[in-house]
>>> print(open('query-v5.csv').read())   # CSV, C-alpha atoms
chain,number,residue,atom,x,y,z
A,1,MET,CA,83.1,-157.1,145.0
A,2,SER,CA,83.8,-157.9,148.6
A,3,SER,CA,82.7,-154.4,149.6
A,4,SER,CA,79.2,-155.2,148.6
A,5,ILE,CA,78.9,-158.1,151.1
A,6,PRO,CA,77.4,-155.9,153.9
A,7,PHE,CA,75.0,-154.5,151.4
A,8,GLU,CA,73.8,-157.9,150.4
A,9,ARG,CA,73.1,-158.7,154.1
A,10,TYR,CA,71.2,-155.4,154.4
A,11,ASP,CA,69.2,-156.4,151.2
A,12,GLU,CA,68.3,-159.8,152.7
A,13,GLU,CA,67.2,-158.2,156.0
A,14,PHE,CA,65.1,-155.6,154.1
A,15,LEU,CA,63.4,-158.4,152.1
A,16,SER,CA,62.6,-160.2,155.3
A,17,LEU,CA,61.1,-157.0,156.9
A,18,THR,CA,59.0,-156.3,153.8
A,19,GLU,CA,57.7,-159.8,153.7
A,20,GLN,CA,56.7,-159.5,157.4
A,21,VAL,CA,54.9,-156.2,156.6
A,22,THR,CA,53.1,-157.8,153.7
A,23,SER,CA,52.0,-160.7,155.9
A,24,LYS,CA,50.6,-158.4,158.6
A,25,LEU,CA,48.8,-156.2,156.1
A,26,ARG,CA,47.3,-159.2,154.4
A,27,THR,CA,45.4,-160.0,157.5
A,28,LEU,CA,43.9,-156.5,157.4
A,29,ASP,CA,42.7,-156.7,153.8
A,30,PRO,CA,38.9,-156.8,153.9
A,31,ALA,CA,38.8,-158.5,150.5
A,32,ALA,CA,41.1,-161.3,151.7
A,33,ASN,CA,39.0,-161.8,154.8
A,34,ALA,CA,35.6,-161.5,153.1
A,35,ASN,CA,34.7,-165.1,154.1
A,36,ALA,CA,34.7,-164.1,157.7
A,37,ASN,CA,31.3,-162.5,157.1
A,38,ASP,CA,29.8,-166.0,156.9
A,39,ASN,CA,31.0,-166.5,160.5
A,40,GLY,CA,29.2,-163.5,161.8
A,41,SER,CA,31.9,-160.8,161.4
A,42,SER,CA,30.6,-157.8,159.4
A,43,SER,CA,34.0,-156.2,158.9
A,44,GLY,CA,36.1,-159.3,158.1
A,45,LEU,CA,38.9,-158.0,160.5
A,46,PRO,CA,40.7,-160.4,162.8
A,47,PRO,CA,40.7,-159.8,166.6
A,48,THR,CA,44.4,-158.9,166.3
A,49,ALA,CA,43.9,-156.1,163.8
A,50,ASP,CA,45.2,-153.3,166.1
A,51,ALA,CA,48.2,-155.4,167.1
A,52,ASP,CA,48.9,-156.3,163.5
A,53,LEU,CA,48.7,-152.7,162.4
A,54,LYS,CA,51.1,-151.6,165.2
A,55,MET,CA,53.5,-154.3,164.3
A,56,ALA,CA,53.3,-153.4,160.6
A,57,ARG,CA,54.1,-149.8,161.5
A,58,ASN,CA,57.2,-150.8,163.6
A,59,LEU,CA,58.4,-153.1,160.8
A,60,LEU,CA,58.1,-150.2,158.3
A,61,LEU,CA,60.1,-147.9,160.6
A,62,GLN,CA,62.8,-150.6,160.8
A,63,ALA,CA,62.8,-151.0,157.0
A,64,ASP,CA,63.1,-147.3,156.5
A,65,ASP,CA,66.1,-147.1,158.9
A,66,LEU,CA,67.7,-150.1,157.1
A,67,LEU,CA,67.1,-148.5,153.7
A,68,LYS,CA,69.0,-145.4,154.8
A,69,GLN,CA,71.9,-147.6,155.9
A,70,MET,CA,71.8,-149.3,152.5
A,71,GLY,CA,72.0,-145.9,150.8
A,72,LEU,CA,75.0,-144.9,152.9
A,73,GLU,CA,76.7,-148.3,152.2
A,74,ALA,CA,76.1,-148.0,148.4
A,75,ARG,CA,77.4,-144.4,148.2
A,76,GLY,CA,80.5,-145.5,150.1
A,77,VAL,CA,81.6,-148.0,147.5
A,78,GLU,CA,84.6,-146.8,145.4
A,79,ASP,CA,84.0,-149.0,142.3
A,80,ALA,CA,81.8,-146.9,140.0
A,81,THR,CA,80.1,-150.0,138.4
A,82,VAL,CA,79.3,-151.7,141.7
A,83,LYS,CA,78.2,-148.4,143.1
A,84,ARG,CA,75.7,-147.8,140.2
A,85,ASP,CA,74.3,-151.3,140.6
A,86,LEU,CA,73.9,-150.9,144.4
A,87,LEU,CA,72.2,-147.5,144.1
A,88,GLY,CA,69.8,-149.1,141.5
A,89,LYS,CA,68.9,-151.7,144.1
A,90,VAL,CA,68.3,-149.0,146.7
A,91,ARG,CA,65.9,-147.2,144.3
A,92,VAL,CA,64.0,-150.4,143.8
A,93,CYS,CA,63.8,-150.9,147.6
A,94,LYS,CA,62.5,-147.3,148.0
A,95,THR,CA,59.8,-148.0,145.6
A,96,ARG,CA,58.7,-151.2,147.3
A,97,LEU,CA,58.8,-149.4,150.7
A,98,ALA,CA,56.6,-146.6,149.3
A,99,ASN,CA,54.1,-149.1,148.0
A,100,LEU,CA,54.0,-150.8,151.4
A,101,ARG,CA,53.4,-147.5,153.1
A,102,ASP,CA,50.4,-146.9,150.8
A,103,ASP,CA,49.1,-150.4,151.7
A,104,TYR,CA,49.6,-149.6,155.4
A,105,GLU,CA,47.8,-146.3,155.2
A,106,ALA,CA,44.9,-148.0,153.4
A,107,ALA,CA,44.7,-150.7,156.0
A,108,LYS,CA,45.0,-148.1,158.8
A,109,GLY,CA,42.1,-146.2,157.3
A,110,PHE,CA,40.0,-149.3,157.1
A,111,VAL,CA,40.7,-150.2,160.7
A,112,GLU,CA,39.9,-146.7,161.9
A,113,ARG,CA,36.7,-146.7,159.9
A,114,ASN,CA,35.8,-150.0,161.3
A,115,SER,CA,36.4,-148.8,164.9
A,116,LEU,CA,33.9,-145.9,164.1
A,117,GLY,CA,31.4,-148.3,162.7
A,118,LEU,CA,31.7,-146.9,159.2
A,119,ASN,CA,32.4,-150.2,157.5
A,120,ASN,CA,29.0,-151.7,158.2
A,121,GLY,CA,27.3,-149.8,155.4
A,122,ALA,CA,25.2,-152.7,154.0
A,123,ASP,CA,23.5,-155.9,155.0
A,124,SER,CA,23.4,-159.2,153.2
A,125,ASN,CA,20.8,-157.9,150.8
A,126,GLY,CA,22.9,-154.8,149.9
A,127,ASN,CA,20.5,-152.4,151.7
A,128,ARG,CA,21.7,-149.5,153.9
A,129,ASN,CA,21.6,-149.8,157.7
A,130,ASN,CA,19.3,-146.9,158.5
A,131,ASN,CA,20.0,-147.1,162.2
A,132,ASN,CA,23.4,-145.5,161.6
A,133,ASN,CA,22.3,-142.6,159.5
A,134,ASN,CA,21.9,-140.1,162.3
A,135,GLY,CA,25.4,-140.5,163.6
A,136,GLY,CA,27.1,-141.2,160.2
A,137,GLY,CA,27.8,-137.6,159.4
A,138,GLY,CA,29.5,-137.0,162.8
A,139,LYS,CA,31.6,-140.1,162.4
A,140,GLU,CA,32.6,-139.1,158.8
A,141,ARG,CA,33.7,-135.7,160.0
A,142,LEU,CA,35.6,-137.2,162.9
A,143,LEU,CA,37.3,-139.6,160.5
A,144,GLY,CA,38.0,-136.8,158.0
A,145,ASN,CA,39.7,-134.8,160.8
A,146,THR,CA,41.7,-137.9,161.9
A,147,GLU,CA,42.9,-138.5,158.3
A,148,THR,CA,43.8,-134.8,157.9
A,149,LEU,CA,45.9,-134.9,161.1
A,150,ARG,CA,47.5,-138.2,160.1
A,151,SER,CA,48.3,-136.7,156.6
A,152,GLN,CA,49.9,-133.7,158.2
A,153,SER,CA,52.0,-135.9,160.6
A,154,ASP,CA,53.1,-138.0,157.7
A,155,THR,CA,54.1,-134.9,155.7
A,156,LEU,CA,56.2,-133.7,158.6
A,157,ALA,CA,57.7,-137.1,159.1
A,158,ASN,CA,58.6,-137.3,155.4
A,159,ALA,CA,60.1,-133.8,155.5
A,160,ARG,CA,62.2,-134.8,158.5
A,161,SER,CA,63.3,-137.9,156.6
A,162,ILE,CA,64.2,-135.9,153.5
A,163,MET,CA,66.1,-133.3,155.7
A,164,ALA,CA,68.1,-136.1,157.4
A,165,GLU,CA,68.9,-137.7,154.0
A,166,THR,CA,69.9,-134.4,152.6
A,167,GLU,CA,72.1,-133.7,155.5
A,168,SER,CA,73.7,-137.1,155.1
A,169,VAL,CA,74.4,-136.5,151.4
A,170,ALA,CA,75.8,-133.0,152.2
A,171,LEU,CA,78.2,-134.5,154.8
A,172,GLU,CA,79.3,-137.0,152.2
A,173,ILE,CA,79.9,-134.3,149.6
A,174,THR,CA,81.8,-132.2,152.2
A,175,GLU,CA,84.0,-135.2,153.0
A,176,GLU,CA,84.6,-135.9,149.3
A,177,LEU,CA,85.5,-132.3,148.7
A,178,GLY,CA,87.9,-132.4,151.6
A,179,ARG,CA,89.6,-135.5,150.2
A,180,HIS,CA,89.8,-133.7,146.8
A,181,ARG,CA,91.3,-130.6,148.4
A,182,GLU,CA,93.9,-132.7,150.2
A,183,THR,CA,94.8,-134.4,146.9
A,184,ILE,CA,95.1,-131.0,145.1
A,185,SER,CA,97.2,-129.7,148.0
A,186,SER,CA,99.5,-132.7,147.8
A,187,ALA,CA,99.8,-132.3,144.0
A,188,HIS,CA,100.7,-128.6,144.5
A,189,GLY,CA,103.4,-129.7,147.0
A,190,ARG,CA,104.8,-132.1,144.5
A,191,VAL,CA,104.8,-129.5,141.8
A,192,ARG,CA,106.7,-127.1,144.1
A,193,GLN,CA,109.2,-129.8,144.9
A,194,VAL,CA,109.7,-130.5,141.2
A,195,THR,CA,110.0,-126.8,140.5
A,196,GLY,CA,112.6,-126.4,143.2
A,197,MET,CA,114.6,-129.4,141.8
A,198,THR,CA,114.4,-127.9,138.3
A,199,ASN,CA,115.7,-124.6,139.6
A,200,ARG,CA,118.6,-126.3,141.4
A,201,ALA,CA,119.5,-128.3,138.3
A,202,ARG,CA,119.4,-125.1,136.2
A,203,ARG,CA,121.8,-123.4,138.6
A,204,ILE,CA,124.1,-126.4,138.6
A,205,VAL,CA,124.2,-126.5,134.8
A,206,GLN,CA,124.9,-122.7,134.7
A,207,SER,CA,127.7,-123.2,137.2
A,208,MET,CA,129.2,-126.0,135.2
A,209,GLY,CA,129.0,-123.8,132.1
A,210,ARG,CA,130.9,-121.0,133.8
A,211,ARG,CA,133.5,-123.4,135.1
A,212,GLU,CA,133.9,-124.8,131.6
A,213,VAL,CA,134.5,-121.3,130.2
A,214,GLN,CA,137.0,-120.6,133.0
A,215,GLN,CA,138.9,-123.8,132.3
A,216,LYS,CA,139.1,-123.0,128.6
A,217,LEU,CA,140.4,-119.5,129.3
A,218,ILE,CA,143.0,-121.0,131.6
A,219,LEU,CA,144.0,-123.5,128.9
A,220,TYR,CA,144.3,-120.8,126.3
A,221,GLY,CA,146.4,-118.7,128.7
A,222,VAL,CA,148.8,-121.6,129.5
A,223,GLY,CA,149.0,-122.5,125.8
A,224,GLY,CA,149.8,-118.9,124.9
A,225,THR,CA,152.4,-118.6,127.6
A,226,ILE,CA,154.1,-121.8,126.5
A,227,LEU,CA,154.1,-120.6,122.9
A,228,ILE,CA,155.7,-117.3,123.8
A,229,VAL,CA,158.4,-119.0,125.9
A,230,PHE,CA,159.1,-121.4,123.1
A,231,LEU,CA,159.4,-118.6,120.6
A,232,MET,CA,161.8,-116.7,122.9
A,233,LEU,CA,164.0,-119.8,123.3
A,234,VAL,CA,164.1,-120.3,119.5
A,235,TYR,CA,164.9,-116.6,119.0
A,236,GLY,CA,167.7,-116.9,121.6
A,237,MET,CA,169.3,-119.9,120.0
A,238,PHE,CA,169.6,-118.3,116.5
A,239,LYS,CA,170.5,-114.9,117.6
>>> encode(input="query-v5.csv", output="structure tokens")
Amino acid sequence: MSSSIPFERYDEEFLSLTEQVTSKLRTLDPAANANANDNGSSSGLPPTADADLKMARNLLLQADDLLKQMGLEARGVEDATVKRDLLGKVRVCKTRLANLRDDYEAAKGFVERNSLGLNNGADSNGNRNNNNNNGGGGKERLLGNTETLRSQSDTLANARSIMAETESVALEITEELGRHRETISSAHGRVRQVTGMTNRARRIVQSMGRREVQQKLILYGVGGTILIVFLMLVYGMFK
């Protein structure tokens, strides 16, 4: 389980980053800052809204990079059970990061609309502010174009992120296949060694068999010779 210690540190750092993002986005929530209207602020946004938005974006980028590192760390664990648990944690973190991205985009849209004066749609009695009607259409179109460009940029960024993650997974698979190929080659080498030893043992057994046959033939020949000599001596004695 010691291999998961770096992952636990990554997990703690990821939690800290997401908490900071949540804190920054909370200050940009118009519902949470609705009481600011009583103090003369029509949008409920703090003076540091742009800085908070920028900080939240940087924290999200750090969290995304950290999440990629967590994925690499989890896939590098050899223990199958630990690896499955860590990958499950990575999926949970991905879901949380996706939710924070949605909250960031909502806050970003609110700040942009506020900068264009589109969040001041009603007064304290709920009536429309007719002084903004003439320029409202142009501002809406400008905001729509801005959101379209942002959506396209986000799509490209997500595509690049997916490509980078796919490339990382492909490299890991290639390395894993290389290790398997080395293991198979080593097994083939051992099989060839065993086969060579088997062939040598078979040749030794065959050689021993031939020697045994030769020794038996020699013994039979010596025994026959001795028998003939004995018979000749007996024949000579009684002749």
>>> atom_distance(input="query-v5.csv", atom1="atom CA of A:Glu19", atom2="atom CA of A:Pro47")
21.3 Å
>>> residues_near_point(input="query-v5.csv", point="(45.5, -149.3, 159.4)", cutoff="10 Å", atoms="only C-alpha atoms", output="number ranges by chain")
A: 25, 28-29, 49-50, 52-54, 56-57, 103-114
>>> closest_residue(input="query-v5.csv", among="A:Leu66, A:Leu156, A:Leu60, A:Leu227", to="A:Phe7", atoms="all atoms listed in the file")
A:Leu66
>>> closest_residue(input="query-v5.csv", among="A:Asn199, A:Gln206, A:Thr27, A:Gln62", to="A:Leu15", atoms="all atoms listed in the file")
A:Gln62
>>> residues_around(input="query-v5.csv", residues="A:Val169", least_positions_apart="6", cutoff="10 Å", atoms="only C-alpha atoms", output="JSON, numbers by chain")
{"A": [71, 72, 75, 163, 175]}
>>> residues_around(input="query-v5.csv", residues="A:Glu165", least_positions_apart="3", cutoff="12 Å", atoms="only C-alpha atoms", output="JSON, numbers by chain")
{"A": [64, 65, 67, 68, 69, 71, 72, 158, 159, 160, 161, 162, 168, 169, 170, 171, 172]}
>>> write_last_selection(input="query-v5.csv", atoms="C-alpha atoms", output="PDB file, in the coordinates of the input")
ATOM      1  CA  ASP A  64      63.100-147.300 156.500  1.00  0.00           C
ATOM      2  CA  ASP A  65      66.100-147.100 158.900  1.00  0.00           C
ATOM      3  CA  LEU A  67      67.100-148.500 153.700  1.00  0.00           C
ATOM      4  CA  LYS A  68      69.000-145.400 154.800  1.00  0.00           C
ATOM      5  CA  GLN A  69      71.900-147.600 155.900  1.00  0.00           C
ATOM      6  CA  GLY A  71      72.000-145.900 150.800  1.00  0.00           C
ATOM      7  CA  LEU A  72      75.000-144.900 152.900  1.00  0.00           C
ATOM      8  CA  ASN A 158      58.600-137.300 155.400  1.00  0.00           C
ATOM      9  CA  ALA A 159      60.100-133.800 155.500  1.00  0.00           C
ATOM     10  CA  ARG A 160      62.200-134.800 158.500  1.00  0.00           C
ATOM     11  CA  SER A 161      63.300-137.900 156.600  1.00  0.00           C
ATOM     12  CA  ILE A 162      64.200-135.900 153.500  1.00  0.00           C
ATOM     13  CA  SER A 168      73.700-137.100 155.100  1.00  0.00           C
ATOM     14  CA  VAL A 169      74.400-136.500 151.400  1.00  0.00           C
ATOM     15  CA  ALA A 170      75.800-133.000 152.200  1.00  0.00           C
ATOM     16  CA  LEU A 171      78.200-134.500 154.800  1.00  0.00           C
ATOM     17  CA  GLU A 172      79.300-137.000 152.200  1.00  0.00           C
TER      18      GLU A 172
END
>>> residues_around(input="query-v5.csv", residues="A:Val92", least_positions_apart="3", cutoff="12 Å", atoms="all atoms listed in the file", output="short mmCIF file (atom, residue, chain, number, x, y, z; two decimals) with C-alpha atoms, keeping the file's coordinate frame")
data_model
loop_
_atom_site.label_atom_id
_atom_site.label_comp_id
_atom_site.auth_asym_id
_atom_site.auth_seq_id
_atom_site.Cartn_x
_atom_site.Cartn_y
_atom_site.Cartn_z
CA ASP A 11 69.20 -156.40 151.20
CA PHE A 14 65.10 -155.60 154.10
CA LEU A 15 63.40 -158.40 152.10
CA LEU A 67 67.10 -148.50 153.70
CA MET A 70 71.80 -149.30 152.50
CA GLY A 71 72.00 -145.90 150.80
CA ASP A 85 74.30 -151.30 140.60
CA LEU A 86 73.90 -150.90 144.40
CA LEU A 87 72.20 -147.50 144.10
CA GLY A 88 69.80 -149.10 141.50
CA LYS A 89 68.90 -151.70 144.10
CA THR A 95 59.80 -148.00 145.60
CA ARG A 96 58.70 -151.20 147.30
CA LEU A 97 58.80 -149.40 150.70
CA ALA A 98 56.60 -146.60 149.30
CA ASN A 99 54.10 -149.10 148.00
#
>>> closest_residue(input="query-v5.csv", among="A:Glu147, A:Tyr220, A:Arg101, A:Val234", to="A:Leu59", atoms="all atoms listed in the file")
A:Arg101
>>> axis_aligned_box(input="query-v5.csv", around="stretch 79-88 of chain A", padding_each_side="8 Å", output="AutoDock Vina command-line options")
--center_x 76.9 --center_y -149.3 --center_z 141.4 --size_x 30.2 --size_y 20.8 --size_z 22.0
>>> atom_distance(input="query-v5.csv", atom1="atom CA of A:His180", atom2="atom CA of A:Gly76")
15.4 Å
>>> atom_distance(input="query-v5.csv", atom1="atom CA of A:Gly189", atom2="atom CA of A:Glu176")
19.9 Å
>>> closest_residue(input="query-v5.csv", among="A:Glu73, A:Leu177, A:Val213, A:Met55", to="A:Ser23", atoms="all atoms listed in the file")
A:Met55
>>> build_atoms(input="query-v5.csv", residues="stretch 208-226 of chain A", atoms="N, CA, C and O atoms", output="PDB file, in the frame of the given file")
ATOM      1  N   MET A 208     128.262-125.178 135.958  1.00  0.00           N
ATOM      2  CA  MET A 208     129.200-126.000 135.200  1.00  0.00           C
ATOM      3  C   MET A 208     129.586-125.308 133.892  1.00  0.00           C
ATOM      4  O   MET A 208     130.746-125.422 133.445  1.00  0.00           O
ATOM      5  N   GLY A 209     128.662-124.554 133.279  1.00  0.00           N
ATOM      6  CA  GLY A 209     129.000-123.800 132.100  1.00  0.00           C
ATOM      7  C   GLY A 209     130.057-122.749 132.346  1.00  0.00           C
ATOM      8  O   GLY A 209     131.005-122.568 131.549  1.00  0.00           O
ATOM      9  N   ARG A 210     129.892-122.041 133.487  1.00  0.00           N
ATOM     10  CA  ARG A 210     130.900-121.000 133.800  1.00  0.00           C
ATOM     11  C   ARG A 210     132.256-121.640 134.097  1.00  0.00           C
ATOM     12  O   ARG A 210     133.292-121.106 133.683  1.00  0.00           O
ATOM     13  N   ARG A 211     132.255-122.770 134.783  1.00  0.00           N
ATOM     14  CA  ARG A 211     133.500-123.400 135.100  1.00  0.00           C
ATOM     15  C   ARG A 211     134.192-123.903 133.769  1.00  0.00           C
ATOM     16  O   ARG A 211     135.419-123.830 133.625  1.00  0.00           O
ATOM     17  N   GLU A 212     133.377-124.373 132.832  1.00  0.00           N
ATOM     18  CA  GLU A 212     133.900-124.800 131.600  1.00  0.00           C
ATOM     19  C   GLU A 212     134.590-123.639 130.828  1.00  0.00           C
ATOM     20  O   GLU A 212     135.696-123.769 130.256  1.00  0.00           O
ATOM     21  N   VAL A 213     133.938-122.482 130.855  1.00  0.00           N
ATOM     22  CA  VAL A 213     134.500-121.300 130.200  1.00  0.00           C
ATOM     23  C   VAL A 213     135.813-120.883 130.889  1.00  0.00           C
ATOM     24  O   VAL A 213     136.816-120.546 130.223  1.00  0.00           O
ATOM     25  N   GLN A 214     135.786-120.927 132.244  1.00  0.00           N
ATOM     26  CA  GLN A 214     137.000-120.600 133.000  1.00  0.00           C
ATOM     27  C   GLN A 214     138.145-121.510 132.653  1.00  0.00           C
ATOM     28  O   GLN A 214     139.301-121.090 132.466  1.00  0.00           O
ATOM     29  N   GLN A 215     137.858-122.803 132.593  1.00  0.00           N
ATOM     30  CA  GLN A 215     138.900-123.800 132.300  1.00  0.00           C
ATOM     31  C   GLN A 215     139.460-123.567 130.878  1.00  0.00           C
ATOM     32  O   GLN A 215     140.672-123.690 130.654  1.00  0.00           O
ATOM     33  N   LYS A 216     138.571-123.225 129.905  1.00  0.00           N
ATOM     34  CA  LYS A 216     139.100-123.000 128.600  1.00  0.00           C
ATOM     35  C   LYS A 216     139.962-121.735 128.529  1.00  0.00           C
ATOM     36  O   LYS A 216     141.023-121.728 127.863  1.00  0.00           O
ATOM     37  N   LEU A 217     139.589-120.677 129.263  1.00  0.00           N
ATOM     38  CA  LEU A 217     140.400-119.500 129.300  1.00  0.00           C
ATOM     39  C   LEU A 217     141.778-119.773 129.924  1.00  0.00           C
ATOM     40  O   LEU A 217     142.824-119.276 129.452  1.00  0.00           O
ATOM     41  N   ILE A 218     141.785-120.617 130.975  1.00  0.00           N
ATOM     42  CA  ILE A 218     143.000-121.000 131.600  1.00  0.00           C
ATOM     43  C   ILE A 218     143.914-121.778 130.641  1.00  0.00           C
ATOM     44  O   ILE A 218     145.133-121.550 130.527  1.00  0.00           O
ATOM     45  N   LEU A 219     143.287-122.729 129.915  1.00  0.00           N
ATOM     46  CA  LEU A 219     144.000-123.500 128.900  1.00  0.00           C
ATOM     47  C   LEU A 219     144.619-122.629 127.847  1.00  0.00           C
ATOM     48  O   LEU A 219     145.792-122.793 127.434  1.00  0.00           O
ATOM     49  N   TYR A 220     143.773-121.688 127.335  1.00  0.00           N
ATOM     50  CA  TYR A 220     144.300-120.800 126.300  1.00  0.00           C
ATOM     51  C   TYR A 220     145.442-119.940 126.854  1.00  0.00           C
ATOM     52  O   TYR A 220     146.443-119.693 126.153  1.00  0.00           O
ATOM     53  N   GLY A 221     145.335-119.478 128.087  1.00  0.00           N
ATOM     54  CA  GLY A 221     146.400-118.700 128.700  1.00  0.00           C
ATOM     55  C   GLY A 221     147.697-119.468 128.830  1.00  0.00           C
ATOM     56  O   GLY A 221     148.804-118.983 128.509  1.00  0.00           O
ATOM     57  N   VAL A 222     147.578-120.701 129.351  1.00  0.00           N
ATOM     58  CA  VAL A 222     148.800-121.600 129.500  1.00  0.00           C
ATOM     59  C   VAL A 222     149.387-121.875 128.172  1.00  0.00           C
ATOM     60  O   VAL A 222     150.621-121.835 127.988  1.00  0.00           O
ATOM     61  N   GLY A 223     148.519-122.184 127.161  1.00  0.00           N
ATOM     62  CA  GLY A 223     149.000-122.500 125.800  1.00  0.00           C
ATOM     63  C   GLY A 223     149.768-121.292 125.229  1.00  0.00           C
ATOM     64  O   GLY A 223     150.825-121.433 124.598  1.00  0.00           O
ATOM     65  N   GLY A 224     149.159-120.105 125.407  1.00  0.00           N
ATOM     66  CA  GLY A 224     149.800-118.900 124.900  1.00  0.00           C
ATOM     67  C   GLY A 224     151.142-118.633 125.547  1.00  0.00           C
ATOM     68  O   GLY A 224     152.134-118.236 124.891  1.00  0.00           O
ATOM     69  N   THR A 225     151.177-118.837 126.856  1.00  0.00           N
ATOM     70  CA  THR A 225     152.400-118.600 127.600  1.00  0.00           C
ATOM     71  C   THR A 225     153.531-119.559 127.123  1.00  0.00           C
ATOM     72  O   THR A 225     154.681-119.171 126.920  1.00  0.00           O
ATOM     73  N   ILE A 226     153.143-120.831 126.976  1.00  0.00           N
ATOM     74  CA  ILE A 226     154.100-121.800 126.500  1.00  0.00           C
ATOM     75  C   ILE A 226     154.627-121.464 125.111  1.00  0.00           C
ATOM     76  O   ILE A 226     155.833-121.584 124.802  1.00  0.00           O
TER      77      ILE A 226
END
